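J.: This is entry23.pdb, which holds PDB, C-alpha atoms, pLDDT in the B column:
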```pdb
ATOM      1  CA  MET A   1     -18.078 -19.876 -11.066  1.00 42.00           C
ATOM      2  CA  ILE A   2     -16.992 -22.247  -8.299  1.00 46.00           C
ATOM      3  CA  PRO A   3     -18.049 -21.119  -4.790  1.00 56.00           C
ATOM      4  CA  ALA A   4     -15.319 -19.725  -2.546  1.00 56.00           C
ATOM      5  CA  SER A   5     -15.969 -22.504  -0.036  1.00 56.00           C
ATOM      6  CA  MET A   6     -14.717 -25.089  -2.537  1.00 75.00           C
ATOM      7  CA  LYS A   7     -11.391 -23.336  -3.127  1.00 83.00           C
ATOM      8  CA  ARG A   8      -8.282 -23.970  -1.057  1.00 91.00           C
ATOM      9  CA  TYR A   9      -7.470 -20.280  -0.440  1.00 94.00           C
ATOM     10  CA  VAL A  10      -9.674 -17.200  -0.210  1.00 93.00           C
ATOM     11  CA  VAL A  11      -8.723 -13.556   0.059  1.00 94.00           C
ATOM     12  CA  ALA A  12     -10.921 -11.910   2.694  1.00 94.00           C
ATOM     13  CA  LEU A  13     -11.169  -8.366   4.037  1.00 94.00           C
ATOM     14  CA  CYS A  14     -10.949  -7.570   7.735  1.00 94.00           C
ATOM     15  CA  HIS A  15     -14.305  -6.267   8.974  1.00 93.00           C
ATOM     16  CA  ASN A  16     -12.559  -3.716  11.194  1.00 91.00           C
ATOM     17  CA  CYS A  17      -9.817  -2.135   9.046  1.00 91.00           C
ATOM     18  CA  GLY A  18     -10.397  -3.559   5.536  1.00 90.00           C
ATOM     19  CA  GLU A  19      -6.964  -5.139   5.226  1.00 93.00           C
ATOM     20  CA  PRO A  20      -6.876  -8.099   2.786  1.00 94.00           C
ATOM     21  CA  ARG A  21      -5.756 -11.451   4.143  1.00 94.00           C
ATOM     22  CA  VAL A  22      -5.138 -14.804   2.477  1.00 96.00           C
ATOM     23  CA  VAL A  23      -7.011 -17.497   4.421  1.00 94.00           C
ATOM     24  CA  ARG A  24      -6.531 -21.233   3.933  1.00 93.00           C
ATOM     25  CA  MET A  25      -9.874 -22.992   3.860  1.00 90.00           C
ATOM     26  CA  PRO A  26     -11.700 -24.520   5.615  1.00 89.00           C
ATOM     27  CA  ALA A  27     -11.301 -21.941   8.358  1.00 90.00           C
ATOM     28  CA  ARG A  28     -13.917 -20.536  10.704  1.00 92.00           C
ATOM     29  CA  SER A  29     -12.041 -17.370  11.565  1.00 94.00           C
ATOM     30  CA  PHE A  30      -8.794 -15.514  11.014  1.00 95.00           C
ATOM     31  CA  LEU A  31      -6.738 -12.886  12.809  1.00 95.00           C
ATOM     32  CA  CYS A  32      -5.993  -9.578  11.086  1.00 94.00           C
ATOM     33  CA  PHE A  33      -2.272  -8.841  11.064  1.00 92.00           C
ATOM     34  CA  LYS A  34      -2.845  -5.070  10.844  1.00 92.00           C
ATOM     35  CA  CYS A  35      -5.375  -4.350  13.620  1.00 93.00           C
ATOM     36  CA  GLY A  36      -5.402  -7.647  15.535  1.00 92.00           C
ATOM     37  CA  SER A  37      -9.155  -8.264  15.358  1.00 94.00           C
ATOM     38  CA  ARG A  38     -10.602 -11.763  15.015  1.00 95.00           C
ATOM     39  CA  ASN A  39     -12.835 -12.149  11.934  1.00 95.00           C
ATOM     40  CA  ALA A  40     -15.464 -14.845  11.321  1.00 94.00           C
ATOM     41  CA  VAL A  41     -15.074 -16.143   7.769  1.00 91.00           C
ATOM     42  CA  SER A  42     -18.864 -16.325   7.398  1.00 90.00           C
ATOM     43  CA  LYS A  43     -19.222 -12.559   8.001  1.00 92.00           C
ATOM     44  CA  VAL A  44     -16.490 -10.963   5.886  1.00 92.00           C
ATOM     45  CA  LYS A  45     -16.252  -9.872   2.256  1.00 92.00           C
ATOM     46  CA  PHE A  46     -14.251 -12.029  -0.136  1.00 91.00           C
ATOM     47  CA  ILE A  47     -12.297 -10.499  -2.998  1.00 91.00           C
ATOM     48  CA  GLY A  48     -10.978 -13.726  -4.490  1.00 91.00           C
ATOM     49  CA  ALA A  49     -10.737 -17.491  -4.252  1.00 92.00           C
ATOM     50  CA  THR A  50      -8.194 -19.855  -5.789  1.00 93.00           C
ATOM     51  CA  ASP A  51      -6.367 -23.129  -5.319  1.00 94.00           C
ATOM     52  CA  ASP A  52      -2.948 -21.501  -5.828  1.00 93.00           C
ATOM     53  CA  ILE A  53      -1.241 -19.671  -2.937  1.00 94.00           C
ATOM     54  CA  ASP A  54       0.776 -17.466  -5.293  1.00 94.00           C
ATOM     55  CA  GLU A  55      -2.365 -16.323  -7.089  1.00 94.00           C
ATOM     56  CA  ALA A  56      -4.100 -15.603  -3.759  1.00 94.00           C
ATOM     57  CA  THR A  57      -1.123 -13.504  -2.644  1.00 94.00           C
ATOM     58  CA  TYR A  58      -1.188 -11.647  -5.965  1.00 93.00           C
ATOM     59  CA  ILE A  59      -4.906 -10.849  -5.511  1.00 92.00           C
ATOM     60  CA  ALA A  60      -4.276  -9.479  -1.995  1.00 93.00           C
ATOM     61  CA  LYS A  61      -1.351  -7.332  -3.166  1.00 92.00           C
ATOM     62  CA  LYS A  62      -3.343  -6.044  -6.133  1.00 90.00           C
ATOM     63  CA  PHE A  63      -6.181  -5.025  -3.805  1.00 90.00           C
ATOM     64  CA  LYS A  64      -3.778  -3.240  -1.445  1.00 88.00           C
ATOM     65  CA  LEU A  65      -2.410  -1.223  -4.356  1.00 87.00           C
ATOM     66  CA  GLY A  66      -5.946  -0.117  -5.239  1.00 83.00           C
ATOM     67  CA  ARG A  67      -6.189  -1.966  -8.539  1.00 66.00           C
ATOM     68  CA  LEU A  68      -8.911  -4.368  -7.432  1.00 61.00           C
ATOM     69  CA  TYR A  69     -12.205  -3.573  -5.729  1.00 60.00           C
ATOM     70  CA  ALA A  70     -14.332  -5.674  -3.374  1.00 57.00           C
ATOM     71  CA  GLN A  71     -17.653  -6.962  -4.650  1.00 57.00           C
ATOM     72  CA  SER A  72     -20.724  -6.313  -2.520  1.00 49.00           C
TER      73      SER A  72
END
```
Show the structure stored in the file as structure tokens.

T.:
Amino acid sequence: MIPASMKRYVVALCHNCGEPRVVRMPARSFLCFKCGSRNAVSKVKFIGATDDIDEATYIAKKFKLGRLYAQS
């Protein structure tokens, strides 16, 4: 498996509310659209990584619908 840091897009979870967010790499942080908190990329859980924006969006939507679970 290729590390998430080598992919163009990652799907990360907000540390405050758990909302999934597609983040274009390399990024140090991102802003959650749901709760407004700033998240450090190095401290959040990732649920997916890909080079395709459509696939990253699909992963985030799938997680929101409860069909995909975050890995510890």

J.: Need the shell around Asp52 of chain A: protein/DNA/RNA residues with any atom at most 8 Å away, counting all atoms listed in the file. Skip same-chain ones fewer than 2 positions apart. Format as a list in words?

T.: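 Counting only the stated atoms, we get Arg8, Tyr9, Thr50, Asp54, Glu55 and Ala56 of chain A.
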
J.: Hey, can you check how far atom CA of Arg24 of chain A sits from atom CA of Leu65 of chain A?

T.: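 A separation of 22.0 Å between them.
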
J.: Just the number, please: distance in Å from atom CA of Lys64 of chain A to atom CA of Ala40 of chain A, one decimal.

T.: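 Interatomic distance here is 20.8 Å.
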
J.: From the options A:His15, A:Lys62, A:Arg21, A:Lys7, which residue's atoms come nearest to Ser37 of chain A, counting all atoms listed in the file?

T.: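 Of the candidates, the smallest distance to Ser37 of chain A is held by A:His15.
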
J.: Just how far from atom CA of Ala60 of chain A is atom CA of Pro20 of chain A, in Å to one decimal?

T.: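 Spanning atom CA of Pro20 of chain A to atom CA of Ala60 of chain A is a straight-line distance of 5.6 Å.
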
J.: Taking (-19.0, -19.4, 10.3) in the file's own coordinates, collect the residues within 8 Å, counting only C-alpha atoms, and hand them back as a list in words.

T.: Arg28, Ser29, Ala40, Val41, Ser42 and Lys43 of chain A

J.: Need the axis-aligned box for segment 49-62 of chain A with 3 Å each side, so what are the centre and edges in Å to one decimal, as AutoDock Vina command-line options?

T.:
```
--center_x -5.0 --center_y -14.6 --center_z -4.5 --size_x 17.5 --size_y 23.1 --size_z 11.1
```

J.: Since the input has fewer atoms than a full residue there, write segment 29-64 of chain A out with N, CA and C atoms, as an mmCIF file, in the coordinates of the input.

T.:
```cif
data_model
loop_
_atom_site.group_PDB
_atom_site.id
_atom_site.type_symbol
_atom_site.label_atom_id
_atom_site.label_comp_id
_atom_site.auth_asym_id
_atom_site.auth_seq_id
_atom_site.Cartn_x
_atom_site.Cartn_y
_atom_site.Cartn_z
ATOM 1 N N SER A 29 -12.388 -18.756 11.274
ATOM 2 C CA SER A 29 -12.041 -17.370 11.565
ATOM 3 C C SER A 29 -10.567 -17.147 11.248
ATOM 4 N N PHE A 30 -10.191 -15.866 11.224
ATOM 5 C CA PHE A 30 -8.794 -15.514 11.014
ATOM 6 C C PHE A 30 -8.486 -14.245 11.785
ATOM 7 N N LEU A 31 -7.209 -14.042 12.073
ATOM 8 C CA LEU A 31 -6.738 -12.886 12.809
ATOM 9 C C LEU A 31 -6.142 -11.885 11.837
ATOM 10 N N CYS A 32 -6.542 -10.623 11.946
ATOM 11 C CA CYS A 32 -5.993 -9.578 11.086
ATOM 12 C C CYS A 32 -4.601 -9.202 11.593
ATOM 13 N N PHE A 33 -3.643 -9.185 10.676
ATOM 14 C CA PHE A 33 -2.272 -8.841 11.064
ATOM 15 C C PHE A 33 -2.094 -7.336 11.276
ATOM 16 N N LYS A 34 -2.977 -6.525 10.732
ATOM 17 C CA LYS A 34 -2.845 -5.070 10.844
ATOM 18 C C LYS A 34 -3.447 -4.538 12.147
ATOM 19 N N CYS A 35 -4.712 -4.913 12.438
ATOM 20 C CA CYS A 35 -5.375 -4.350 13.620
ATOM 21 C C CYS A 35 -5.554 -5.347 14.759
ATOM 22 N N GLY A 36 -5.331 -6.638 14.490
ATOM 23 C CA GLY A 36 -5.402 -7.647 15.535
ATOM 24 C C GLY A 36 -6.788 -8.178 15.839
ATOM 25 N N SER A 37 -7.801 -7.788 15.069
ATOM 26 C CA SER A 37 -9.155 -8.264 15.358
ATOM 27 C C SER A 37 -9.379 -9.666 14.794
ATOM 28 N N ARG A 38 -10.228 -10.425 15.464
ATOM 29 C CA ARG A 38 -10.602 -11.763 15.015
ATOM 30 C C ARG A 38 -11.818 -11.617 14.114
ATOM 31 N N ASN A 39 -11.778 -12.256 12.932
ATOM 32 C CA ASN A 39 -12.835 -12.149 11.934
ATOM 33 C C ASN A 39 -13.446 -13.517 11.669
ATOM 34 N N ALA A 40 -14.761 -13.616 11.691
ATOM 35 C CA ALA A 40 -15.464 -14.845 11.321
ATOM 36 C C ALA A 40 -15.528 -14.902 9.798
ATOM 37 N N VAL A 41 -15.099 -15.999 9.219
ATOM 38 C CA VAL A 41 -15.074 -16.143 7.769
ATOM 39 C C VAL A 41 -16.476 -15.984 7.183
ATOM 40 N N SER A 42 -17.491 -16.399 7.901
ATOM 41 C CA SER A 42 -18.864 -16.325 7.398
ATOM 42 C C SER A 42 -19.402 -14.898 7.326
ATOM 43 N N LYS A 43 -18.700 -13.926 7.940
ATOM 44 C CA LYS A 43 -19.222 -12.559 8.001
ATOM 45 C C LYS A 43 -18.354 -11.515 7.306
ATOM 46 N N VAL A 44 -17.367 -11.929 6.550
ATOM 47 C CA VAL A 44 -16.490 -10.963 5.886
ATOM 48 C C VAL A 44 -16.702 -10.983 4.380
ATOM 49 N N LYS A 45 -16.191 -9.940 3.710
ATOM 50 C CA LYS A 45 -16.252 -9.872 2.256
ATOM 51 C C LYS A 45 -15.056 -10.615 1.669
ATOM 52 N N PHE A 46 -15.310 -11.335 0.585
ATOM 53 C CA PHE A 46 -14.251 -12.029 -0.136
ATOM 54 C C PHE A 46 -13.943 -11.251 -1.410
ATOM 55 N N ILE A 47 -12.661 -11.155 -1.743
ATOM 56 C CA ILE A 47 -12.297 -10.499 -2.998
ATOM 57 C C ILE A 47 -11.704 -11.483 -3.987
ATOM 58 N N GLY A 48 -11.499 -12.724 -3.574
ATOM 59 C CA GLY A 48 -10.978 -13.726 -4.490
ATOM 60 C C GLY A 48 -10.913 -15.094 -3.850
ATOM 61 N N ALA A 49 -10.860 -16.116 -4.714
ATOM 62 C CA ALA A 49 -10.737 -17.491 -4.252
ATOM 63 C C ALA A 49 -9.975 -18.280 -5.303
ATOM 64 N N THR A 50 -9.030 -19.100 -4.860
ATOM 65 C CA THR A 50 -8.194 -19.855 -5.789
ATOM 66 C C THR A 50 -7.617 -21.081 -5.087
ATOM 67 N N ASP A 51 -7.059 -21.968 -5.877
ATOM 68 C CA ASP A 51 -6.367 -23.129 -5.319
ATOM 69 C C ASP A 51 -4.857 -22.909 -5.239
ATOM 70 N N ASP A 52 -4.376 -21.788 -5.752
ATOM 71 C CA ASP A 52 -2.948 -21.501 -5.828
ATOM 72 C C ASP A 52 -2.574 -20.394 -4.845
ATOM 73 N N ILE A 53 -1.641 -20.654 -3.941
ATOM 74 C CA ILE A 53 -1.241 -19.671 -2.937
ATOM 75 C C ILE A 53 -0.607 -18.435 -3.569
ATOM 76 N N ASP A 54 0.153 -18.615 -4.639
ATOM 77 C CA ASP A 54 0.776 -17.466 -5.293
ATOM 78 C C ASP A 54 -0.273 -16.545 -5.914
ATOM 79 N N GLU A 55 -1.297 -17.123 -6.500
ATOM 80 C CA GLU A 55 -2.365 -16.323 -7.089
ATOM 81 C C GLU A 55 -3.150 -15.587 -6.004
ATOM 82 N N ALA A 56 -3.394 -16.241 -4.871
ATOM 83 C CA ALA A 56 -4.100 -15.603 -3.759
ATOM 84 C C ALA A 56 -3.292 -14.427 -3.218
ATOM 85 N N THR A 57 -1.990 -14.590 -3.101
ATOM 86 C CA THR A 57 -1.123 -13.504 -2.644
ATOM 87 C C THR A 57 -1.133 -12.348 -3.637
ATOM 88 N N TYR A 58 -1.132 -12.670 -4.923
ATOM 89 C CA TYR A 58 -1.188 -11.647 -5.965
ATOM 90 C C TYR A 58 -2.494 -10.853 -5.872
ATOM 91 N N ILE A 59 -3.615 -11.531 -5.639
ATOM 92 C CA ILE A 59 -4.906 -10.849 -5.511
ATOM 93 C C ILE A 59 -4.891 -9.891 -4.323
ATOM 94 N N ALA A 60 -4.346 -10.337 -3.189
ATOM 95 C CA ALA A 60 -4.276 -9.479 -1.995
ATOM 96 C C ALA A 60 -3.397 -8.261 -2.240
ATOM 97 N N LYS A 61 -2.243 -8.458 -2.881
ATOM 98 C CA LYS A 61 -1.351 -7.332 -3.166
ATOM 99 C C LYS A 61 -1.988 -6.357 -4.145
ATOM 100 N N LYS A 62 -2.674 -6.885 -5.143
ATOM 101 C CA LYS A 62 -3.343 -6.044 -6.133
ATOM 102 C C LYS A 62 -4.427 -5.188 -5.463
ATOM 103 N N PHE A 63 -5.160 -5.772 -4.529
ATOM 104 C CA PHE A 63 -6.181 -5.025 -3.805
ATOM 105 C C PHE A 63 -5.556 -3.923 -2.960
ATOM 106 N N LYS A 64 -4.445 -4.236 -2.283
ATOM 107 C CA LYS A 64 -3.778 -3.240 -1.445
ATOM 108 C C LYS A 64 -3.283 -2.047 -2.256
#
```
